[in-house]
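Report on the structure given below.
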Amino acid sequence: RAQNSTPQNGAVTASFIDYYAEATQLKGHEGSVNGADFSPDGKLIVTAGVDRTARIWDFSGKESTILKGHTGSVRSAKFSPDGQRIVTASFDGTARVWDLSGVETRLIASLQGHQGKVNSANFSPNGKLIVTAGEDKTARLWDISGVETKLIPSGKPSVYASLQGHESPVYGARFSPDGKLIVTASADKTARIWDLSGVETRNIASLQGHTDTVWSASFSPDGKKIVTASDDKTARVWDISGKQLAILEGHKNSVYGASFSQDGKRIVTASLD
């Protein structure tokens, strides 16, 4: 944890005030681990690895399930809001949806359509949609609401919408808290906001200001602001009209991630420095 202090020059600094001891090590992947996510109830963890698997663990560190099937590095693995499903994104060009509600975890859908690597996948707040971000310069929206009872032929849900407009690979895509908007982050130095509320999904704002790749973009808890992280060593805060509100400077290397606190009053940034 950090304690804020404000010197006379107005800069905010943080002082180390606590130490968190390591609780558990999750050992099992063969190679690097690309990401980890808690289940909504905090009892399970899913990890994504370069060994082409995702793995589910309990909090004691016991490995319960290995999700096999991808033929490339698994870049991300995320729980659905109800904790009953997991979506994995892979460099094999697919995302996969896994069901945890039965006795055994099973693959229930393969999301195929991107022309190249899939960099991330996330559920909508109601768990009925998934948005994927691809190396093919698109993000894609998938409807999985009926996937258990009525699969598209060969078990592949159809693309609900293809979000096109970026000029370079898309590295991240996330829903707003109310599920009505999506923000995408791209190597074309921009983030874009997409409106899902109409008959057709449309791009309503382009967040321009970064001078290098934008690695991530995420909404504030109230959905009114967005924070982006970039190779240009900054994070930036925007409103949903696309107006830049602040530049967060100070890092000496690429900023790979930035997210709001639960009350929306603070932002944490992560950098290669």
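Here's how to read the names in the structure tokens: chain A, B, ... by the order shown, residue numbers from 1 in each chain, ligand numbers from 1 in the order shown.
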Excluding segment 217-226 of chain A and any residue of its chain fewer than 5 positions from it, enumerate the residues within 8 Å of it, using only C-alpha atoms, and give them as a PDB file with N, CA, C and O atoms, in the first residue's frame.
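What landed in result.pdb:
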ATOM      1  N   GLY A 172      -5.746  -4.351 -26.887  1.00  0.00           N
ATOM      2  CA  GLY A 172      -6.682  -4.480 -25.779  1.00  0.00           C
ATOM      3  C   GLY A 172      -8.069  -4.000 -26.162  1.00  0.00           C
ATOM      4  O   GLY A 172      -8.216  -3.115 -27.002  1.00  0.00           O
ATOM      5  N   ALA A 173      -9.103  -4.591 -25.549  1.00  0.00           N
ATOM      6  CA  ALA A 173     -10.485  -4.167 -25.755  1.00  0.00           C
ATOM      7  C   ALA A 173     -11.270  -4.487 -24.491  1.00  0.00           C
ATOM      8  O   ALA A 173     -11.219  -5.611 -23.997  1.00  0.00           O
ATOM      9  N   ARG A 174     -11.976  -3.481 -23.978  1.00  0.00           N
ATOM     10  CA  ARG A 174     -12.721  -3.655 -22.727  1.00  0.00           C
ATOM     11  C   ARG A 174     -14.088  -2.989 -22.804  1.00  0.00           C
ATOM     12  O   ARG A 174     -14.260  -1.960 -23.458  1.00  0.00           O
ATOM     13  N   PHE A 175     -15.033  -3.561 -22.084  1.00  0.00           N
ATOM     14  CA  PHE A 175     -16.370  -2.989 -21.974  1.00  0.00           C
ATOM     15  C   PHE A 175     -16.402  -1.915 -20.890  1.00  0.00           C
ATOM     16  O   PHE A 175     -15.639  -1.972 -19.918  1.00  0.00           O
ATOM     17  N   SER A 176     -17.320  -0.965 -21.057  1.00  0.00           N
ATOM     18  CA  SER A 176     -17.623  -0.016 -19.990  1.00  0.00           C
ATOM     19  C   SER A 176     -18.410  -0.749 -18.908  1.00  0.00           C
ATOM     20  O   SER A 176     -18.976  -1.815 -19.155  1.00  0.00           O
ATOM     21  N   PRO A 177     -18.480  -0.187 -17.700  1.00  0.00           N
ATOM     22  CA  PRO A 177     -19.209  -0.864 -16.609  1.00  0.00           C
ATOM     23  C   PRO A 177     -20.671  -1.159 -16.916  1.00  0.00           C
ATOM     24  O   PRO A 177     -21.210  -2.144 -16.421  1.00  0.00           O
ATOM     25  N   ASP A 178     -21.310  -0.330 -17.744  1.00  0.00           N
ATOM     26  CA  ASP A 178     -22.715  -0.585 -18.085  1.00  0.00           C
ATOM     27  C   ASP A 178     -22.869  -1.443 -19.340  1.00  0.00           C
ATOM     28  O   ASP A 178     -23.986  -1.771 -19.752  1.00  0.00           O
ATOM     29  N   VAL A 183     -13.853   0.194 -25.334  1.00  0.00           N
ATOM     30  CA  VAL A 183     -12.665   0.967 -25.671  1.00  0.00           C
ATOM     31  C   VAL A 183     -11.600   0.002 -26.154  1.00  0.00           C
ATOM     32  O   VAL A 183     -11.390  -1.065 -25.578  1.00  0.00           O
ATOM     33  N   THR A 184     -10.932   0.365 -27.257  1.00  0.00           N
ATOM     34  CA  THR A 184      -9.873  -0.453 -27.836  1.00  0.00           C
ATOM     35  C   THR A 184      -8.556   0.318 -27.831  1.00  0.00           C
ATOM     36  O   THR A 184      -8.541   1.543 -27.974  1.00  0.00           O
ATOM     37  N   ALA A 185      -7.447  -0.398 -27.683  1.00  0.00           N
ATOM     38  CA  ALA A 185      -6.111   0.199 -27.652  1.00  0.00           C
ATOM     39  C   ALA A 185      -5.276  -0.422 -28.763  1.00  0.00           C
ATOM     40  O   ALA A 185      -5.302  -1.641 -28.954  1.00  0.00           O
ATOM     41  N   ALA A 191      -6.501   5.137 -29.044  1.00  0.00           N
ATOM     42  CA  ALA A 191      -7.549   4.288 -28.482  1.00  0.00           C
ATOM     43  C   ALA A 191      -8.851   4.769 -29.113  1.00  0.00           C
ATOM     44  O   ALA A 191      -8.970   5.935 -29.505  1.00  0.00           O
ATOM     45  N   VAL A 237      -5.413  10.413 -19.328  1.00  0.00           N
ATOM     46  CA  VAL A 237      -6.810  10.306 -18.884  1.00  0.00           C
ATOM     47  C   VAL A 237      -7.681  11.100 -19.854  1.00  0.00           C
ATOM     48  O   VAL A 237      -7.334  12.222 -20.238  1.00  0.00           O
ATOM     49  N   TRP A 238      -8.811  10.510 -20.217  1.00  0.00           N
ATOM     50  CA  TRP A 238      -9.710  11.091 -21.218  1.00  0.00           C
ATOM     51  C   TRP A 238     -11.147  11.021 -20.718  1.00  0.00           C
ATOM     52  O   TRP A 238     -11.486  10.158 -19.907  1.00  0.00           O
ATOM     53  N   ASP A 239     -11.999  11.917 -21.241  1.00  0.00           N
ATOM     54  CA  ASP A 239     -13.433  11.702 -21.035  1.00  0.00           C
ATOM     55  C   ASP A 239     -13.952  10.915 -22.239  1.00  0.00           C
ATOM     56  O   ASP A 239     -13.219  10.703 -23.221  1.00  0.00           O
ATOM     57  N   ILE A 240     -15.193  10.466 -22.191  1.00  0.00           N
ATOM     58  CA  ILE A 240     -15.670   9.574 -23.249  1.00  0.00           C
ATOM     59  C   ILE A 240     -16.032  10.319 -24.539  1.00  0.00           C
ATOM     60  O   ILE A 240     -16.395   9.677 -25.526  1.00  0.00           O
ATOM     61  N   GLY A 257       0.477  -0.828 -18.530  1.00  0.00           N
ATOM     62  CA  GLY A 257      -0.855  -0.957 -17.962  1.00  0.00           C
ATOM     63  C   GLY A 257      -1.213   0.217 -17.085  1.00  0.00           C
ATOM     64  O   GLY A 257      -0.338   0.849 -16.487  1.00  0.00           O
ATOM     65  N   ALA A 258      -2.499   0.519 -17.012  1.00  0.00           N
ATOM     66  CA  ALA A 258      -3.000   1.590 -16.145  1.00  0.00           C
ATOM     67  C   ALA A 258      -4.454   1.277 -15.817  1.00  0.00           C
ATOM     68  O   ALA A 258      -5.231   0.886 -16.695  1.00  0.00           O
ATOM     69  N   SER A 259      -4.826   1.436 -14.564  1.00  0.00           N
ATOM     70  CA  SER A 259      -6.207   1.169 -14.175  1.00  0.00           C
ATOM     71  C   SER A 259      -6.619   2.042 -12.996  1.00  0.00           C
ATOM     72  O   SER A 259      -5.779   2.499 -12.220  1.00  0.00           O
ATOM     73  N   PHE A 260      -7.926   2.269 -12.895  1.00  0.00           N
ATOM     74  CA  PHE A 260      -8.497   3.074 -11.826  1.00  0.00           C
ATOM     75  C   PHE A 260      -8.687   2.243 -10.564  1.00  0.00           C
ATOM     76  O   PHE A 260      -8.885   1.027 -10.623  1.00  0.00           O
ATOM     77  N   SER A 261      -8.662   2.912  -9.415  1.00  0.00           N
ATOM     78  CA  SER A 261      -9.066   2.280  -8.156  1.00  0.00           C
ATOM     79  C   SER A 261     -10.575   2.097  -8.174  1.00  0.00           C
ATOM     80  O   SER A 261     -11.288   2.664  -9.009  1.00  0.00           O
ATOM     81  N   GLN A 262     -11.096   1.311  -7.244  1.00  0.00           N
ATOM     82  CA  GLN A 262     -12.522   1.015  -7.236  1.00  0.00           C
ATOM     83  C   GLN A 262     -13.386   2.247  -7.002  1.00  0.00           C
ATOM     84  O   GLN A 262     -14.529   2.308  -7.453  1.00  0.00           O
ATOM     85  N   ASP A 263     -12.848   3.243  -6.301  1.00  0.00           N
ATOM     86  CA  ASP A 263     -13.629   4.471  -6.094  1.00  0.00           C
ATOM     87  C   ASP A 263     -13.384   5.507  -7.188  1.00  0.00           C
ATOM     88  O   ASP A 263     -13.986   6.581  -7.179  1.00  0.00           O
ATOM     89  N   GLY A 264     -12.500   5.177  -8.141  1.00  0.00           N
ATOM     90  CA  GLY A 264     -12.239   6.061  -9.271  1.00  0.00           C
ATOM     91  C   GLY A 264     -11.386   7.266  -8.964  1.00  0.00           C
ATOM     92  O   GLY A 264     -11.169   8.121  -9.833  1.00  0.00           O
TER      93      GLY A 264
END
Give me, as a short mmCIF file (atom, residue, chain, number, x, y, z; two decimals) with N, CA and C atoms, in the first residue's frame, all polymer residues having an atom no more than 9 Å from Gln25 of chain A, counting only C-alpha atoms and skipping those fewer than 2 positions away in the same chain.
data_model
loop_
_atom_site.label_atom_id
_atom_site.label_comp_id
_atom_site.auth_asym_id
_atom_site.auth_seq_id
_atom_site.Cartn_x
_atom_site.Cartn_y
_atom_site.Cartn_z
N GLU A 22 4.33 -13.17 0.75
CA GLU A 22 3.86 -14.07 -0.28
C GLU A 22 2.99 -15.15 0.35
N ALA A 23 1.79 -15.36 -0.19
CA ALA A 23 0.88 -16.37 0.36
C ALA A 23 1.08 -17.72 -0.31
N LYS A 27 2.83 -23.08 -9.24
CA LYS A 27 3.86 -23.68 -10.08
C LYS A 27 3.27 -24.82 -10.90
N SER A 60 -4.95 -22.12 -2.30
CA SER A 60 -3.84 -22.78 -1.62
C SER A 60 -2.69 -23.06 -2.57
N GLY A 61 -2.95 -22.89 -3.88
CA GLY A 61 -1.93 -23.16 -4.89
C GLY A 61 -2.09 -24.51 -5.56
#
Which residues are close to segment 196-198 of chain A, i.e. within 9 Å by only C-alpha atoms, leaving aside same-chain residues fewer than 5 positions away? Reply as a ChimeraX atom specification. /A:179-182
I need the chosen residues saved as a PDB file, in the first residue's frame, with all heavy atoms.
ATOM      1  N   GLY A 179     -21.746  -1.805 -19.977  1.00  0.00           N
ATOM      2  CA  GLY A 179     -21.781  -2.672 -21.145  1.00  0.00           C
ATOM      3  C   GLY A 179     -22.207  -2.014 -22.437  1.00  0.00           C
ATOM      4  O   GLY A 179     -22.338  -2.680 -23.469  1.00  0.00           O
ATOM      5  N   LYS A 180     -22.382  -0.694 -22.430  1.00  0.00           N
ATOM      6  CA  LYS A 180     -22.872  -0.001 -23.623  1.00  0.00           C
ATOM      7  C   LYS A 180     -21.751   0.505 -24.535  1.00  0.00           C
ATOM      8  O   LYS A 180     -21.996   0.850 -25.687  1.00  0.00           O
ATOM      9  CB  LYS A 180     -23.762   1.172 -23.210  1.00  0.00           C
ATOM     10  CG  LYS A 180     -25.043   0.747 -22.502  1.00  0.00           C
ATOM     11  CD  LYS A 180     -25.890   1.949 -22.118  1.00  0.00           C
ATOM     12  CE  LYS A 180     -27.175   1.522 -21.422  1.00  0.00           C
ATOM     13  NZ  LYS A 180     -27.991   2.701 -21.025  1.00  0.00           N
ATOM     14  N   LEU A 181     -20.532   0.568 -24.003  1.00  0.00           N
ATOM     15  CA  LEU A 181     -19.383   1.061 -24.779  1.00  0.00           C
ATOM     16  C   LEU A 181     -18.241   0.050 -24.714  1.00  0.00           C
ATOM     17  O   LEU A 181     -18.165  -0.762 -23.787  1.00  0.00           O
ATOM     18  CB  LEU A 181     -18.893   2.409 -24.239  1.00  0.00           C
ATOM     19  CG  LEU A 181     -19.871   3.574 -24.209  1.00  0.00           C
ATOM     20  CD1 LEU A 181     -19.229   4.769 -23.516  1.00  0.00           C
ATOM     21  CD2 LEU A 181     -20.317   3.960 -25.619  1.00  0.00           C
ATOM     22  N   ILE A 182     -17.363   0.129 -25.692  1.00  0.00           N
ATOM     23  CA  ILE A 182     -16.107  -0.621 -25.694  1.00  0.00           C
ATOM     24  C   ILE A 182     -14.986   0.358 -25.994  1.00  0.00           C
ATOM     25  O   ILE A 182     -15.140   1.259 -26.820  1.00  0.00           O
ATOM     26  CB  ILE A 182     -16.120  -1.741 -26.758  1.00  0.00           C
ATOM     27  CG1 ILE A 182     -17.039  -2.892 -26.330  1.00  0.00           C
ATOM     28  CG2 ILE A 182     -14.711  -2.278 -27.024  1.00  0.00           C
ATOM     29  CD1 ILE A 182     -17.240  -3.939 -27.404  1.00  0.00           C
TER      30      ILE A 182
END
Using only C-alpha atoms, the shortest atom-to-atom distance to Ser101 of chain A among A:Arg85, A:Arg266, A:Lys62, A:His114 belongs to A:Arg85
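Shell of Tyr171 of chain A at 9 Å, with only C-alpha atoms counted and residues fewer than 2 places along the chain excluded, is Val118, Asn119, Ser120, Ala133, Gly134, Glu135, Lys137, Ala139, Pro169, Ala173, Thr184, Ala185, Ser186, Ala187, Val214, Trp215 and Ser216 of chain A.
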Expected file: the selected residues, all heavy atoms, as a JSON list (two decimals), in the first residue's frame:
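Produced file out35.json, reproduced below:
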[["chain", "number", "residue", "atom", "x", "y", "z"],
["A", 118, "VAL", "N", -4.70, -13.44, -31.46],
["A", 118, "VAL", "CA", -5.68, -12.78, -30.61],
["A", 118, "VAL", "C", -4.96, -12.36, -29.33],
["A", 118, "VAL", "O", -4.40, -13.20, -28.62],
["A", 118, "VAL", "CB", -6.86, -13.71, -30.28],
["A", 118, "VAL", "CG1", -7.88, -12.99, -29.39],
["A", 118, "VAL", "CG2", -7.54, -14.20, -31.56],
["A", 119, "ASN", "N", -4.95, -11.07, -29.08],
["A", 119, "ASN", "CA", -4.15, -10.52, -27.98],
["A", 119, "ASN", "C", -4.87, -10.47, -26.65],
["A", 119, "ASN", "O", -4.23, -10.50, -25.59],
["A", 119, "ASN", "CB", -3.66, -9.12, -28.36],
["A", 119, "ASN", "CG", -2.70, -9.15, -29.52],
["A", 119, "ASN", "OD1", -1.77, -9.94, -29.55],
["A", 119, "ASN", "ND2", -2.91, -8.27, -30.50],
["A", 120, "SER", "N", -6.19, -10.38, -26.67],
["A", 120, "SER", "CA", -6.94, -10.35, -25.41],
["A", 120, "SER", "C", -8.39, -10.69, -25.67],
["A", 120, "SER", "O", -8.88, -10.60, -26.80],
["A", 120, "SER", "CB", -6.83, -8.97, -24.72],
["A", 120, "SER", "OG", -7.62, -8.01, -25.42],
["A", 133, "ALA", "N", -9.46, -8.75, -29.11],
["A", 133, "ALA", "CA", -8.57, -7.79, -29.77],
["A", 133, "ALA", "C", -7.54, -8.55, -30.58],
["A", 133, "ALA", "O", -6.91, -9.48, -30.07],
["A", 133, "ALA", "CB", -7.88, -6.91, -28.74],
["A", 134, "GLY", "N", -7.36, -8.17, -31.85],
["A", 134, "GLY", "CA", -6.53, -8.97, -32.73],
["A", 134, "GLY", "C", -5.39, -8.24, -33.41],
["A", 134, "GLY", "O", -5.40, -7.02, -33.57],
["A", 135, "GLU", "N", -4.44, -9.05, -33.84],
["A", 135, "GLU", "CA", -3.30, -8.56, -34.60],
["A", 135, "GLU", "C", -3.73, -8.08, -35.99],
["A", 135, "GLU", "O", -3.00, -7.37, -36.67],
["A", 135, "GLU", "CB", -2.27, -9.69, -34.74],
["A", 135, "GLU", "CG", -0.84, -9.24, -34.99],
["A", 135, "GLU", "CD", -0.14, -8.72, -33.74],
["A", 135, "GLU", "OE1", -0.68, -8.90, -32.63],
["A", 135, "GLU", "OE2", 0.95, -8.13, -33.89],
["A", 137, "LYS", "N", -5.80, -5.87, -36.77],
["A", 137, "LYS", "CA", -6.24, -4.48, -36.71],
["A", 137, "LYS", "C", -7.72, -4.33, -36.34],
["A", 137, "LYS", "O", -8.28, -3.23, -36.45],
["A", 137, "LYS", "CB", -5.97, -3.73, -38.03],
["A", 137, "LYS", "CG", -4.55, -3.82, -38.52],
["A", 137, "LYS", "CD", -4.38, -3.11, -39.87],
["A", 137, "LYS", "CE", -3.00, -3.35, -40.46],
["A", 137, "LYS", "NZ", -2.86, -2.69, -41.78],
["A", 139, "ALA", "N", -11.10, -5.38, -33.57],
["A", 139, "ALA", "CA", -11.66, -6.02, -32.38],
["A", 139, "ALA", "C", -12.95, -6.66, -32.85],
["A", 139, "ALA", "O", -13.59, -6.19, -33.79],
["A", 139, "ALA", "CB", -11.91, -5.01, -31.28],
["A", 169, "PRO", "N", -2.21, -3.33, -35.25],
["A", 169, "PRO", "CA", -2.76, -4.33, -34.34],
["A", 169, "PRO", "C", -3.47, -3.72, -33.13],
["A", 169, "PRO", "O", -3.07, -2.68, -32.62],
["A", 169, "PRO", "CB", -1.53, -5.12, -33.91],
["A", 169, "PRO", "CG", -0.62, -5.04, -35.08],
["A", 169, "PRO", "CD", -0.81, -3.65, -35.63],
["A", 173, "ALA", "N", -9.10, -4.59, -25.55],
["A", 173, "ALA", "CA", -10.48, -4.17, -25.76],
["A", 173, "ALA", "C", -11.27, -4.49, -24.49],
["A", 173, "ALA", "O", -11.22, -5.61, -24.00],
["A", 173, "ALA", "CB", -11.10, -4.88, -26.96],
["A", 184, "THR", "N", -10.93, 0.36, -27.26],
["A", 184, "THR", "CA", -9.87, -0.45, -27.84],
["A", 184, "THR", "C", -8.56, 0.32, -27.83],
["A", 184, "THR", "O", -8.54, 1.54, -27.97],
["A", 184, "THR", "CB", -10.21, -0.86, -29.28],
["A", 184, "THR", "OG1", -10.55, 0.31, -30.04],
["A", 184, "THR", "CG2", -11.38, -1.83, -29.30],
["A", 185, "ALA", "N", -7.45, -0.40, -27.68],
["A", 185, "ALA", "CA", -6.11, 0.20, -27.65],
["A", 185, "ALA", "C", -5.28, -0.42, -28.76],
["A", 185, "ALA", "O", -5.30, -1.64, -28.95],
["A", 185, "ALA", "CB", -5.45, -0.05, -26.30],
["A", 186, "SER", "N", -4.50, 0.42, -29.47],
["A", 186, "SER", "CA", -3.84, -0.07, -30.68],
["A", 186, "SER", "C", -2.41, 0.45, -30.85],
["A", 186, "SER", "O", -2.03, 1.48, -30.29],
["A", 186, "SER", "CB", -4.66, 0.35, -31.91],
["A", 186, "SER", "OG", -4.00, 0.08, -33.12],
["A", 187, "ALA", "N", -1.67, -0.28, -31.67],
["A", 187, "ALA", "CA", -0.32, 0.14, -32.04],
["A", 187, "ALA", "C", -0.32, 1.35, -32.97],
["A", 187, "ALA", "O", 0.74, 1.91, -33.25],
["A", 187, "ALA", "CB", 0.43, -1.02, -32.70],
["A", 214, "VAL", "N", -0.31, 2.27, -28.04],
["A", 214, "VAL", "CA", -1.17, 2.27, -26.84],
["A", 214, "VAL", "C", -1.41, 0.80, -26.49],
["A", 214, "VAL", "O", -2.03, 0.05, -27.26],
["A", 214, "VAL", "CB", -2.50, 3.00, -27.08],
["A", 214, "VAL", "CG1", -3.35, 2.97, -25.82],
["A", 214, "VAL", "CG2", -2.24, 4.44, -27.52],
["A", 215, "TRP", "N", -0.94, 0.39, -25.33],
["A", 215, "TRP", "CA", -1.01, -1.01, -24.92],
["A", 215, "TRP", "C", -2.32, -1.38, -24.25],
["A", 215, "TRP", "O", -2.80, -2.51, -24.37],
["A", 215, "TRP", "CB", 0.15, -1.35, -23.98],
["A", 215, "TRP", "CG", 1.46, -1.43, -24.67],
["A", 215, "TRP", "CD1", 2.50, -0.54, -24.58],
["A", 215, "TRP", "CD2", 1.91, -2.46, -25.57],
["A", 215, "TRP", "NE1", 3.55, -0.94, -25.37],
["A", 215, "TRP", "CE2", 3.22, -2.11, -25.98],
["A", 215, "TRP", "CE3", 1.33, -3.62, -26.06],
["A", 215, "TRP", "CZ2", 3.95, -2.90, -26.86],
["A", 215, "TRP", "CZ3", 2.05, -4.40, -26.94],
["A", 215, "TRP", "CH2", 3.34, -4.05, -27.33],
["A", 216, "SER", "N", -2.88, -0.45, -23.51],
["A", 216, "SER", "CA", -4.12, -0.78, -22.79],
["A", 216, "SER", "C", -4.98, 0.45, -22.62],
["A", 216, "SER", "O", -4.49, 1.59, -22.65],
["A", 216, "SER", "CB", -3.81, -1.39, -21.42],
["A", 216, "SER", "OG", -3.36, -0.41, -20.51]]
Using the chain letters and numbers from this document, which residues of segment 9-257 of chain A does DSSP assign to strand (DSSP E), as a VMD selection string? chain A and resid 13 to 16 33 to 38 44 to 49 54 to 58 63 to 67 74 to 79 85 to 90 94 to 99 106 to 112 118 to 123 129 to 134 138 to 143 159 to 164 170 to 175 181 to 186 190 to 195 202 to 208 214 to 219 225 to 230 235 to 239 244 to 248 255 to 257
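Considering only C-alpha atoms, the residue among A:Ala121, A:Leu272, A:Ala246, A:Ala205 positioned nearest to Asp232 of chain A is A:Leu272.
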Give the answer as one residue: which of A:Leu245, A:Val97, A:Val170, A:Ile267 has the shortest atom-to-atom distance to Gln112 of chain A, using only C-alpha atoms?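 Of A:Leu245, A:Val97, A:Val170, A:Ile267, the one nearest Gln112 of chain A is A:Val97, counting only C-alpha atoms.
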Would you please work out which residue, of A:Tyr256, A:Trp57, A:Trp142, A:Tyr160, is nearest to Ser124 of chain A when using only C-alpha atoms?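 When distances to Ser124 of chain A are compared using only C-alpha atoms, the smallest one comes from A:Trp142.
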Name all residues at most 9 Å from Gly69 of chain A (count only C-alpha atoms; drop same-chain ones fewer than 5 positions away) and give them as a PDB file with C-alpha atoms, in the first residue's frame.
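That gives us result-v2.pdb:
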ATOM      1  CA  ARG A  52      -0.341 -23.107 -24.742  1.00  0.00           C
ATOM      2  CA  THR A  53      -2.432 -23.816 -21.652  1.00  0.00           C
ATOM      3  CA  ARG A  96     -12.036 -20.231 -26.444  1.00  0.00           C
ATOM      4  CA  LEU A 107     -14.780 -26.330 -23.911  1.00  0.00           C
TER       5      LEU A 107
END
Counting only C-alpha atoms, which of A:Ala89, A:Val33, A:Ile130, A:Leu100 gets nearest to Ser64 of chain A?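 Residue with the minimum atom-to-atom distance to Ser64 of chain A: A:Leu100.
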For a test of reading the model, state the distance in Å between atom CA of Val103 of chain A and atom CA of Ile86 of chain A, rounded to one decimal.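 For atom CA of Val103 of chain A relative to atom CA of Ile86 of chain A, the distance reads 15.3 Å.
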Which is closest to Thr190 of chain A among A:Ala229, A:Leu163, A:Ala54, A:Leu248, if we use only C-alpha atoms?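 Ranking A:Ala229, A:Leu163, A:Ala54, A:Leu248 by distance to Thr190 of chain A, first place goes to A:Ala229.
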Hey, what's within 9 Å of Thr94 of chain A if we count only C-alpha atoms and toss same-chain stuff fewer than 6 positions away? As a ChimeraX atom specification, please? /A:70,88,110-114,116-118
Could you save the residues just selected, with C-alpha atoms, as an mmCIF file, in the first residue's frame?
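Generated output (out-v6.cif):
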data_model
loop_
_atom_site.group_PDB
_atom_site.id
_atom_site.type_symbol
_atom_site.label_atom_id
_atom_site.label_comp_id
_atom_site.auth_asym_id
_atom_site.auth_seq_id
_atom_site.Cartn_x
_atom_site.Cartn_y
_atom_site.Cartn_z
ATOM 1 C CA HIS A 70 -4.787 -23.945 -27.976
ATOM 2 C CA THR A 88 -8.898 -17.557 -23.197
ATOM 3 C CA SER A 110 -14.187 -21.640 -30.200
ATOM 4 C CA LEU A 111 -14.235 -18.037 -31.435
ATOM 5 C CA GLN A 112 -12.636 -18.115 -34.871
ATOM 6 C CA GLY A 113 -12.457 -15.222 -37.296
ATOM 7 C CA HIS A 114 -9.398 -13.104 -36.553
ATOM 8 C CA GLY A 116 -3.737 -13.592 -36.904
ATOM 9 C CA LYS A 117 -2.984 -13.549 -33.193
ATOM 10 C CA VAL A 118 -5.682 -12.781 -30.608
#
